[in-house]
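Participant: Dropping the structure in here first, questions after.
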Amino acid sequence: MSFSSTPTQTESEPTGAGVEALGWQVTAQEGEARSGILRTRRGVIETPVFMPVGTLGTVKGVRFEELEAEGLDARIILGNTYHLWLRPGVETISACGGLHRFIGWERALLTDSGGFQVWSLGALRKITEAGVEFRSHVDGRACFLSPEVSMEAQAALGSDIVMAFDECAPGKATHDAARASLELTARWAARSRARFDELQRAGADLGVTRRAEESGVEGRQALFGIVQGATHLDLRRESLARTMEIGFDGYAIGGLSVGEEKSVMYEVVEEVAPLLPAARPRYLMGVGTPEDLLECVARGVDMFDCVLPTRNGRTGQAFTSRGKLNVKNARWATDTRPLDEACACAVCRRHSRAYLRHLHVTGEMLAGVLLSHHNLAFFLDTMRRVRQAIRSGEFTRFRREFLEGINSGVE
RNA sequence: GCAGGGGUGGUCGAGUGGUUAAUGGCACCGGGCUGUAAACCCGGCGGGUUCACACCCUACGUAGGUUCGAAUCCUACCCCCUGCA
C-alpha cells in the first residue's frame, strides 16, 4: 500500500472526474460571517446551513416528508459510513440502488467517513498506519476501516459529499499526540483523495454514475478534507496547510467539541476558518448548540451538523428562543403554553408543554418524534434567520439579540 | 368458627436478634447529552437543623413484653389471603 500517493494537481483545485462537484458562491458577507449558495448535484443549499444527522440512514424520529416540508426544509442530511457499513452493509445498500434510493431521500446527502468513530469507540479500536481495526460495537467481530475502504464505501453509498477518512484527537490531546494524529490524518487525507479520484474515474459512484439516466442526477461526488490539530493553533495551521495542499472541494474543521473548553473551541475556529480558502465551503463538524452555531458563523463557518436537536429531543430537552427547556420538569405539568412562544413550528402550533411532558414521562414514542421535530425546526429556522440577517447586513445585531434571548432563561 | 399463610418506607418486594433510615425494582424529583455504541446515562429520594462535617426526631399493622440491643423473639388485639366448616 502506498502512503505517498498525493495526486499532482493545482493547489485547491480538485480533480476527480473532471467536473466540478460543487458550485459555491458567497453572496453576502458581514465581518467573517458569510452567506452563500452551495450547488450540489442534488439541489441548492443556502448557507450557513445546519445539516440534521441521520447516522443510520434516518434522522431519528423524523419522517422524510417532514424533513422536506416547509416547516423544516432540510436541504442536506448526514449518513455515517461506519454505521451503515456494519448494518445493513454497503453491499446491501448498493444492491438497493445507493443510499438515496435505499432511504427514500432525493435531496443531498453527506456521509461521514467513520473517522469520528475511531475516536468515539475508544477501547474497541486499534489504529495503525494502514487504518483502524475495530471491534464492531454490534457483534464484536473484527473490522478494518481505512481511507481506501471508507472511500469505496462512500462511493458505493453514492453520497453527494464524501468526507476524508481522518483521525479525531481528543480535545485535551497534548502537542505531541495532536501532532502525530494530525500527520496521520494528513497521510490518510492524501490516500482518501487518491482513492476517491480513482473511484470517480472508474464510475464507482453509485449516486449517479451507474444510473444517470434514471436518476437524472449529474455531476460527481464532492470530497471534503478535514483539518485537525486539537487545540494547538500552530498544529491547526499546519494541518490546514497540508490539507489545502492536497486540495478538496470543501474543508472541514474536525476535532472540536470533544472535551475542550468552549472558549478554546471558538478560538480555534476563529484562527482556522478565515485561513481556509474563501472559494470553498467551510464545515465545522459535529457542532453544536444554538449558541455555537451563531458564534461560529460569526467566525466564518458555512456548514454545521450536530446530533443535539434529535438526541436531546429524544431525551427530553427542547431548545427554545429563551434557552433550554427540560421537558421532564414537574413545573410544566399543567402548563398549556407551547414549548417556545416565539416558535411557529407544527409542534408549537398544536401542543402544550403539559402534553409533551406527559408524552415524555410516560415513555410514548411520540414524545421523541415531536421534540425532535421542534428542535430541528428551531435549529433550521435559526439558520434561516442567520442567512437573512447576513444578507441584510444585520447579522451583528441579530447575533446579539439571539444570544440575549437564549440566555434569558425559560420562564 | 377452626387450620394455615401474611401485614416493611409513595408502591411492589428483600431482610427474620446487632454498621438497619432499612437491599432491589418501579414511581417520583433533578441533572447531563455537540461529525449518535444514546427513545440513553448519572444523581437524589422519611422529616428537621446545618454552607458542610455532623446532629436530632419519627419509622417495619396496633399495644405491651423479653433483651445490653428487636422489623426480626414472646403475648394480646386489629386487618388481609387460602383451605375446611
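Chain labels run A, B, ... following the order of the C-alpha cells; each chain numbers its residues from 1, and ligands are numbered from 1 in the order shown.
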Need the shell around U16 (chain B): protein/DNA/RNA residues with any atom at most 10 Å away, counting only C-alpha atoms (C1' of nucleotides). Skip same-chain ones fewer than 3 positions apart. Format as a PyMOL selection string?

Facilitator: chain B and resi 71-73

Participant: Dump as an MDAnalysis selection string the residues of chain A that approach chain B to within 6 Å, counting only C-alpha atoms (C1' of nucleotides).

Facilitator: chainID A and resid 137 257 285:288 314

Participant: Let's have the selection written as an mmCIF file, in the first residue's frame, with N, CA and C atoms.

Facilitator:
```
data_model
loop_
_atom_site.group_PDB
_atom_site.id
_atom_site.type_symbol
_atom_site.label_atom_id
_atom_site.label_comp_id
_atom_site.auth_asym_id
_atom_site.auth_seq_id
_atom_site.Cartn_x
_atom_site.Cartn_y
_atom_site.Cartn_z
ATOM 1 N N HIS A 137 -19.187 -2.655 17.331
ATOM 2 C CA HIS A 137 -19.941 -2.478 18.577
ATOM 3 C C HIS A 137 -21.233 -3.276 18.543
ATOM 4 N N SER A 257 -15.266 20.355 20.000
ATOM 5 C CA SER A 257 -16.368 19.924 20.855
ATOM 6 C C SER A 257 -16.181 18.470 21.262
ATOM 7 N N MET A 285 -17.430 20.335 11.898
ATOM 8 C CA MET A 285 -18.059 19.032 12.121
ATOM 9 C C MET A 285 -18.540 18.825 13.559
ATOM 10 N N GLY A 286 -19.796 18.388 13.638
ATOM 11 C CA GLY A 286 -20.318 17.968 14.936
ATOM 12 C C GLY A 286 -20.767 19.079 15.863
ATOM 13 N N VAL A 287 -20.808 20.292 15.373
ATOM 14 C CA VAL A 287 -21.154 21.432 16.217
ATOM 15 C C VAL A 287 -22.448 22.036 15.679
ATOM 16 N N GLY A 288 -23.349 22.388 16.564
ATOM 17 C CA GLY A 288 -23.207 22.471 18.007
ATOM 18 C C GLY A 288 -24.509 22.941 18.606
ATOM 19 N N ARG A 314 -35.068 13.369 21.953
ATOM 20 C CA ARG A 314 -35.440 12.054 22.494
ATOM 21 C C ARG A 314 -35.239 11.975 23.989
#
```

Participant: Excluding region 19-22 of chain B and its own-chain neighbours fewer than 4 positions away, which residues fall within 12 Å of it when counting only C-alpha atoms (C1' of nucleotides)? Please give them as a list in words.

Facilitator: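 So the residues in contact are U8, G9, A14, G15, G46, G47, C57, U58, A59, C60, A70, A71 and U72 of chain B.
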
Participant: Quick one: residues within 10 Å of Ala28 (chain A), only C-alpha atoms (C1' of nucleotides), excluding same-chain residues fewer than 5 positions away - as a VMD selection string?

Facilitator: chain A and resid 33 to 37 387 to 393

Participant: Which residue gives the smallest distance to Ile253 (chain A) among A:Ala142, A:Leu86, A:Ile226, A:Ala153, with only C-alpha atoms counted?

Facilitator: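 Using only C-alpha atoms, Ile253 (chain A) sits closest to A:Ile226.
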
Participant: Which parts of region 158-223 of chain A does DSSP call strand (DSSP E) when run on the backbone here, written out as a list in words?

Facilitator: Ile161, Val162, Met163, Ala222 and Leu223 of chain A

Participant: Which value, in Å to one decimal, gives the distance between CA of Val132 (chain A) and CA of Phe144 (chain A)?

Facilitator: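 One can read the CA of Val132 (chain A) to CA of Phe144 (chain A) distance as 5.6 Å.
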
Participant: Determine, counting only C-alpha atoms (C1' of nucleotides), which protein, DNA and RNA residues have an atom within 12 Å of an atom of G13 (chain B); residues of the same chain fewer than 5 positions away are not included. Present the result as a PDB file with C-alpha atoms (C1' of nucleotides), in the first residue's frame.

Facilitator:
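Result saved to around_22.pdb:
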```pdb
ATOM      1  C1'   U B   8     -41.946  -3.409  55.837  1.00  0.00           C
ATOM      2  C1'   U B  23     -31.077  -4.450  49.550  1.00  0.00           C
ATOM      3  C1'   G B  24     -33.607  -4.264  44.773  1.00  0.00           C
ATOM      4  C1'   G B  25     -37.271  -2.832  41.100  1.00  0.00           C
ATOM      5  C1'   C B  26     -40.859   0.788  39.905  1.00  0.00           C
TER       6        C B  26
END
```

Participant: Please identify which residues in region 193-354 of chain A DSSP calls alpha helix (DSSP H) from the backbone, and express them as a count of residues only.

Facilitator: 61

Participant: Would you kindly return, as a short mmCIF file (atom, residue, chain, number, x, y, z; two decimals) with C-alpha atoms, in the first residue's frame, each protein, DNA or RNA residue with an atom no farther than 12 Å from any atom of Phe50 (chain A), considering only C-alpha atoms (C1' of nucleotides) and excluding same-chain residues fewer than 6 positions away?

Facilitator:
```
data_model
loop_
_atom_site.label_atom_id
_atom_site.label_comp_id
_atom_site.auth_asym_id
_atom_site.auth_seq_id
_atom_site.Cartn_x
_atom_site.Cartn_y
_atom_site.Cartn_z
CA LEU A 72 -38.09 22.07 8.33
CA ASP A 73 -36.97 22.17 4.71
CA ALA A 74 -33.65 20.42 5.37
CA ARG A 75 -31.64 20.53 2.17
CA ILE A 76 -28.98 18.06 3.19
CA ILE A 77 -28.65 15.40 5.86
CA LEU A 78 -25.83 13.16 7.03
CA LEU A 110 -23.21 13.97 3.16
CA TYR A 283 -17.77 22.88 7.50
CA LEU A 284 -17.45 22.65 11.27
CA MET A 285 -18.06 19.03 12.12
CA GLY A 286 -20.32 17.97 14.94
CA VAL A 287 -21.15 21.43 16.22
CA GLY A 288 -23.21 22.47 18.01
CA THR A 289 -25.55 24.26 20.34
CA PRO A 290 -27.56 27.19 19.01
CA ASP A 292 -22.17 27.61 18.94
CA LEU A 293 -23.83 28.00 15.55
CA LEU A 294 -24.08 31.75 15.92
CA CYS A 296 -19.03 30.00 14.60
CA VAL A 297 -20.98 31.59 11.75
CA VAL A 301 -18.17 28.75 9.12
CA ASP A 302 -20.74 27.83 6.45
CA MET A 303 -21.89 24.33 7.36
CA PHE A 304 -22.75 22.53 10.57
CA ASP A 305 -24.10 19.23 11.72
CA CYS A 306 -24.98 18.03 15.17
CA VAL A 307 -26.95 15.31 16.90
CA LEU A 308 -28.18 17.64 19.62
CA PRO A 309 -31.60 18.53 18.23
CA ASN A 375 -35.67 21.10 17.91
CA LEU A 376 -34.85 20.66 14.25
CA ALA A 377 -37.34 23.38 13.37
CA PHE A 378 -35.62 25.67 15.85
CA PHE A 379 -32.14 24.93 14.50
CA LEU A 380 -33.14 25.18 10.86
CA ASP A 381 -35.21 28.29 11.37
CA THR A 382 -32.40 29.88 13.31
CA MET A 383 -30.09 29.30 10.37
CA ARG A 384 -32.69 30.69 8.02
CA ARG A 385 -32.78 33.85 10.09
CA VAL A 386 -28.98 33.93 10.23
CA ARG A 387 -28.85 33.88 6.42
#
```

Participant: Could you tell me how far CA of Asp160 (chain A) lies from CA of Ala189 (chain A), in Å and to one decimal?

Facilitator: 18.0 Å

Participant: With a distance cut-off of 12 Å and only C-alpha atoms (C1' of nucleotides), select the neighbouring residues of Ala69 (chain A), excluding the residue or stretch itself and same-chain residues fewer than 6 positions from it, and output the selection as a PyMOL selection string.

Facilitator: chain A and resi 62-63+75+345-346+373+377

Participant: Would you mind exporting N, CA and C atoms of the selected residues as a short mmCIF file (atom, residue, chain, number, x, y, z; two decimals), in the first residue's frame?

Facilitator:
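Produced file again27.cif, reproduced below:
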```cif
data_model
loop_
_atom_site.label_atom_id
_atom_site.label_comp_id
_atom_site.auth_asym_id
_atom_site.auth_seq_id
_atom_site.Cartn_x
_atom_site.Cartn_y
_atom_site.Cartn_z
N VAL A 62 -37.76 11.34 12.76
CA VAL A 62 -38.34 12.36 11.87
C VAL A 62 -38.54 11.77 10.48
N ARG A 63 -39.75 11.85 10.00
CA ARG A 63 -40.04 11.33 8.66
C ARG A 63 -39.45 12.24 7.59
N ARG A 75 -32.11 20.73 3.54
CA ARG A 75 -31.64 20.53 2.17
C ARG A 75 -30.61 19.42 2.07
N CYS A 345 -43.39 26.38 14.67
CA CYS A 345 -43.34 25.02 14.15
C CYS A 345 -44.65 24.28 14.42
N ALA A 346 -44.83 23.17 13.73
CA ALA A 346 -46.08 22.43 13.81
C ALA A 346 -46.36 21.96 15.24
N HIS A 373 -38.72 17.07 16.21
CA HIS A 373 -39.23 17.96 15.16
C HIS A 373 -39.08 19.42 15.59
N ALA A 377 -36.71 22.16 13.88
CA ALA A 377 -37.34 23.38 13.37
C ALA A 377 -36.63 24.60 13.94
#
```

Participant: Please indicate the distance in Å from CA of Ile45 (chain A) to CA of Gly203 (chain A), rounded to one decimal place.

Facilitator: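 A separation of 25.2 Å between them.
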
Participant: Counting only C-alpha atoms, which residue out of A:Leu157, A:Ile93, A:Leu121, A:Leu359 sits closest to Ala333 (chain A)?

Facilitator: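 For Ala333 (chain A), the nearest of the given residues is A:Leu359.
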